[in-house]
Each structure stands twice: as structure tokens, then as C-alpha cells.
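*Asks:* Just dropping this structure here.
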Amino acid sequence: MALSACFNPAGSDPAGGSSVGSASTTSGGSASDSVPTSDSSVTSETTAALDGTGIPVKLDLGLLDDTTSGGQVISCKASEDDMNNIGSCAQRSPPDAFEPDVQWSWDGPGTERESLVTPLVANLTDDNGDGAIDLCDTPDIVVVATAFPAEGHIYILDGESGSEHLMIATPVAWSINPAIADIDDDEKPEIIAAVGPGFGGPSSVIAFENDGSVKWQNATALTHNQGGAITVADLDNDGDVEISMDRLIIDHDGNTITTLGETQVADNFTTVAADLDDDDDLEIVIGGNAYHHDGSVYYQNPALERGFAQVANLDGDLEPEVLITSTGGVTILDHTGGTVAVNQTPGGGFSWFRPAVIHDFDGDNVSEVASSSANSYVMFESDFAVGWSASVVDGSGWAGGTAFDFDGNGVAEAMYADETNLWVFDGDGVPLLNVPRSARTLSEYPVVADVDNDGSAEIVVVSDAGFGGVQTAPTVQVIRDIDDRWIQARRIWNQHTYHVTNTLEDGRIPMFEKRWWRLLNTFRTNSQIEGGMICDPAG
């Protein structure tokens with residue numbers, strides 16, 4: 001069903017806006033940081049000529065090669081040499097290409113209707129029957145649904161229609177975000193999750209094959225206050241993937257490597273893998289602390305509050321900074337762990353303990369930060385100068401957001417999912433869209449990906465029963481432009497701390513992850529394949 005975009009006057013309170021539509025169902029390795037172009041022969045003129053109408057066509061499934069007789073060459077495999085399938089920036093959407101539509105929605109079966117973790121996107125099923133799972137298949141959406149507060153189950157849904165491919169029989173923790181990665185080089189991504197109670201634990205890590213069968217379960221269980229997320233990365237550059245969950249690091253076979261020397265018990269733990277010291281292998285960042293891949297301490301800041309860590313370039317040099325959002329405010333550390341700023345509160349507000357987003361929100365080719373402080377969603381510069389602020393409703397939770405330049409005009413739209421709505425804001429913070437949802441708001445957030453392989457981005461958002469105990473929206477909603485005019489996004493979102501270079505588009509994890517703060521300089525946002533400034537960064 002079509003949704004009416006809402007263009008509220010500047011300065012209006014989006015929390016008081018009317019809903020724009022009901023949520024109804026409409027259908028069931030190298031260490032180099034250089035960025036090679038995808039194909040120098042691919043231009044807007046080339047694609048227009050191939051279309052035959054003078055209108056540029058979409059790069060639906062791969063790259064275009066005008067030297068071949070067929071005109072279009074479809075690549076079903078992700079390449080390690082093209083910045084993880086980031087393609088040409090020659091395309092733009094038509095003017096006013098923002099007429100949102102609920103493509104499909106899904107309600108969990110029976111009583112398992114609530115989802116409190118971020119949905120994931122990857123190719124897990126052979127949809128075209130060619131015997132391979134690759135980029136020519138329809139992407140799938142992975143969602144954890146629960147009859148709160150019981151353990152839930154993982155459901156694999158078809159990205160085009162929302163039809164259910166599979167429910168994994170083994171119950172999983174409803175508050176710990178899974179991750180997706182090909183951890184055994186079989187060209188089939190695995191799902192890594194946690195089993196055990198959602199709050200309190202003990203919880204342990206479990207890996208499932210793409211068909212739902214158990215691959216392994218780790219023997220080390222951790223207690224925790226509330227929720228969290230699984231992180232996947234090749235920490236030591238040996239070609240094998242490591243998995244982290246809070247202070248635990250596990251190898252790709254499910255064996256415990258080490259337990260980090262964390263003394264704080266996190267309310268809601270996430271970890272980031274990043275090469276902070278420029279030695280090519282990766283450190284694990286957790287709040288204000290960082291550890292080498294073997295578990296030894298790189299730096300610790302015991303006086304800092306535990307919070308969500310994001311890694312990006314915030315001062316224009318070649319080294320990354322760590323931005324921490326905790327209850328008291330926003331803290332920035334340099335790449336050695338030194339303090340740059342502590343507990344800043346841009347725009348005021350309180351309770352900053354939420355996942356932040358890093359992206360160019362205003363088209364100046366410099367990345368900004370967006371994060372919530374309970375009742376406002378704020379976009380601010382790295383010096384904490386506020387770009388805009390919008391009213392939201394999340395005084396009790398830890399909700400997050402993302403960003404995407406849907407029309408390819410160089411200015412990204414911000415998305416945030418609070419207790420009652422999914423909001424989409426323009427470059428001035430004015431709401432373009434609100435879609436009703438209900439949520440207690442853990443650290444889940446909406447994601448953007450091309451979930452149906454049609455060459456146009458979609459938004460995926462989940463819901464639960466909220467604090468009133470009455471669920472007012474479907475478990476999963478997928479929102480598109482009614483004419484599929486939005487710029488194409490990658491077809492993957494594989495983990496909570498997603499930052500594009502952490503995975504190839506087919507779920508493989510790079511042996512040497514490109515330093516995203518020198519390239520895209522984004523965090524928790526997807527890359528565009530056809531338009532905008534973020535899709536084709538300078539080398």
C-alpha cells in the first residue's frame with residue numbers, strides 16, 4: 001500500500017505527527033586502502049545506450065560492459081577488488097522520487113510476533129535453482145521473533161515477498177543481535193547467534209548453517225545485564241573469521257580463543273573490530289577499552305562509562321577516532337585511547353546510551369554524527385556543533401538509526417526508529433516520512449539494503465509490543481519507493497556494527513579489511529551503488 005510522505009513544517013514536532021499509512025501486507029585480500037573503480041567503461045552514457053530509451057538503466061545485478069555483444073554482463077559473485085561491490089556513481093533518481101510504499105509486512109507465527117534486534121540481510125537460499133547461493137538469488141531477511149520474554153527463533157524470509165523460507169528450530173536469545181558471515185569458505189553464509197536468556201544470561205554463541213542446522217556451539221557462557229550483538233571479523237589476517245560477543249573471542253570452529261579483561265558488565269554490549277594502531281591486524285573495541293586480537297590490552301579507560309563504540313575519522317587526519325555514546329553523553333578518544341572529549345551533550349538532552357550513525361548528512365563531503373538522547377534525534381559535527389534536532393519518543397530505550405541518500409543528490413536522509421514510529425528526516429531534519437511501529441527499543445535500528453534485487457533500496461524495520469504490551473505493527477515491514485526509483489544499495493547487512501568494508505556482498509569476510517575511515521568514513525550505514533557522494537569515495 002502506498003504511504004503518503006509527510007512534509008512537516010520546519011521546527012514541527014514529528015512525535016505529534018499523524019501516521020502516514022497502515023502496515024498492511026501487499027504480498028505474502030589486500031591491506032591496501034586504494035579504491036579501484038568498478039569499471040572505467042561504465043558511464044551514464046553507456047547505460048543509457050544499453051537501455052535504448054535515453055534513460056539510464058539500473059545496475060541491478062552487477063557491472064555493465066559495452067564491449068560484449070549482449071550489452072549487459074551479470075556478475076553473480078562479489079569481487080574483493082571493487083570495494084565490495086560499490087559501483088558507478090553516474091546514476092541519479094528522478095526529482096521528487098520519494099513516494100514510499102509498504103512492499104510487504106510479516107507477522108511472526110503464533111505468539112512469536114515481537115522482534116527486538118536489528119534485522120539482517122544476506123543471500124541464504126538458492127532461489128533461481130542453479131545450485132549456487134550468490135548475488136543472482138533474491139536476498140533474504142533474517143529476523144529474531146519471540147513471545148517476549150521467552151527465548152525466540154530465527155526466521156529467514158524472502159526479501160521480495162516476505163514469504164517464510166525457514167524457522168530455525170533451536171531457540172535463541174531474543175535480545176542479542178545475530179551476525180551473518182561465511183565462516184568456513186563454503187560459499188554459503190552462516191548465521192551466528194546466542195542461546196540463553198535475553199537478559200541476565202548465561203548466554204553462549206551458536207552457529208547455524210544456512211539451512212538452519214547447528215554447526216557448533218561454544219562452551220563458554222557469559223552473564224550480562226541485558227542485550228548485545230555478535231561481531232564477525234578476521235582479527236589476525238589469517239583468512240579465518242573470528243567471532244566476538246562482549247568480552248569473548250571465538251574462532252571459526254567455535255573454540256574459545258580468549259576472554260577479554262573487561263571488569264564492567266555491560267547493559268547492552270557491542271564490539272567493533274578496527275585496526276587502530278595501523279599494524280594491519282584488528283583490535284576489538286568495547287566501550288572505552290581496546291584489546292589486541294590475542295586479548296592483550298591495547299588501551300583501557302576505566303573511568304569512562306560503558307557505552308556503544310563507533311569508529312570513524314572525526315578530525316581529518318589519517319587515523320581513526322572512537323566515538324562512545326553512553327548515558328552521560330558523547331565521548332571521543334583518539335586511536336591510542338587518549339581522551340579528546342568526554343560526555344558532551346550536543347543539543348542538550350539526556351541518556352545518550354544508544355547506537356550512533358556516522359555519515360555525510362549535509363553533502364559537504366565531511367562525515368557527521370547522528371544519535372538519540374531520549375527525546376530528540378540530533379545530527380552534529382565532530383566538534384559537537386548541532387546541524388539539526390528532531391523530536392522523537394524514546395525516553396526509556398536504546399534505539400538507533402541509519403542513513404541513506406535515496407535520491408542520489410549528495411544529501412543523505414536520516415532514519416530513526418523510536419517507540420512509536422520509523423522516522424525519515426531530510427537534510428534539514430524535517431520529517432519526510434513516519435511509519436507506525438511499536439517497540440520497547442533495545443538497540444535495534446532500521447536498515448537499508450536492496451532486499452529484493454530489483455536495483456532499488458528498501459528500508460527494513462521491526463516491531464514488538466512496546467511498553468503498553470499491545471503490538472500495533474507487524475513484526476517486519478519492508479518499505480520501498482512505489483516506483484522503485486530509490487538508488488540501489490548493497491544487498492547485505494550482516495551485523496549490528498555494519499560499516500560496509502567489514503563484509504563482501506556475498507557474506508565473505510575480508511582477510512585484510514580496508515580502513516573505512518580513510519574511504520567511506522561511515523558507520524551503521526550502507527553504500528550506494530548508483531548515486532550520491534558516498535558510493536565512490538576518493539582513493
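Chain labels follow the order of the C-alpha cells: the first chain is A, the next B, and so on; residue numbering restarts at 1 in every chain, and ligands are counted from 1 in their shown order.
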Give me the residues near Ile183 of chain A as a list in words, where near means some atom within 9 Å (using only C-alpha atoms) and where sequence neighbours in that chain fewer than 5 positions away do not count.
*Replies:*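 Within the cut-off, the hits are Lys188, Pro189, Glu190, Val232, Asp240, Val241, Glu242, His252, Asp253, Gly507, Arg508 and Ile509 of chain A.
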*Asks:* At a cut-off of 12 Å, can you tabulate as a Markdown table every residue of segment 367-407 of chain A near segment 438-462 of chain A together with its closest atom pair and the distance in Å to one decimal, using only C-alpha atoms and ordering rows by chain then number?
*Replies:*
| residue | atom | partner | partner_atom | distance |
| --- | --- | --- | --- | --- |
| A:Ser371 | CA | A:Tyr445 | CA | 11.5 |
| A:Ser372 | CA | A:Ser443 | CA | 11.4 |
| A:Ala374 | CA | A:Thr441 | CA | 10.8 |
| A:Val393 | CA | A:Thr441 | CA | 10.1 |
| A:Asp394 | CA | A:Thr441 | CA | 7.4 |
| A:Gly395 | CA | A:Thr441 | CA | 9.7 |
| A:Ser396 | CA | A:Thr441 | CA | 7.8 |
| A:Gly397 | CA | A:Thr441 | CA | 4.8 |
| A:Trp398 | CA | A:Ser443 | CA | 5.0 |
| A:Ala399 | CA | A:Ser443 | CA | 5.0 |
| A:Gly400 | CA | A:Tyr445 | CA | 4.6 |
| A:Gly401 | CA | A:Tyr445 | CA | 5.1 |
| A:Thr402 | CA | A:Val447 | CA | 6.5 |
| A:Ala403 | CA | A:Val448 | CA | 7.9 |
| A:Phe404 | CA | A:Val448 | CA | 7.2 |
| A:Asp405 | CA | A:Ala457 | CA | 9.8 |
| A:Phe406 | CA | A:Ala457 | CA | 7.4 |
| A:Asp407 | CA | A:Ala457 | CA | 10.1 |
*Asks:* Run DSSP on the backbone and grab whatever in segment 159-263 of chain A lands in strand (DSSP E or B); send it over as a ChimeraX atom specification.
*Replies:* /A:164-167,172,176-177,179-181,190-195,200-208,214-217,222-224,228-233,242-245,248-250,256-259
*Asks:* From the options A:Trp104, A:Gly227, A:Arg490, A:Val322, which residue's atoms come nearest to Thr336 of chain A, counting only C-alpha atoms?
*Replies:*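 So, comparing all the options, the nearest one is A:Val322.
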*Asks:* Which residues are near segment 288-298 of chain A? Cut-off 9 Å, only C-alpha atoms, ignore same chain within fewer than 5 positions. Put them as a ChimeraX atom specification.
*Replies:* /A:235-236,249,257-262,276-277,281-283,303-309,322-324,331,333,336-337
*Asks:* Nearest to Glu321 of chain A: which of A:Arg518, A:Gly239, A:Asp362, A:His499 is it, counting only C-alpha atoms?
*Replies:* A:Arg518
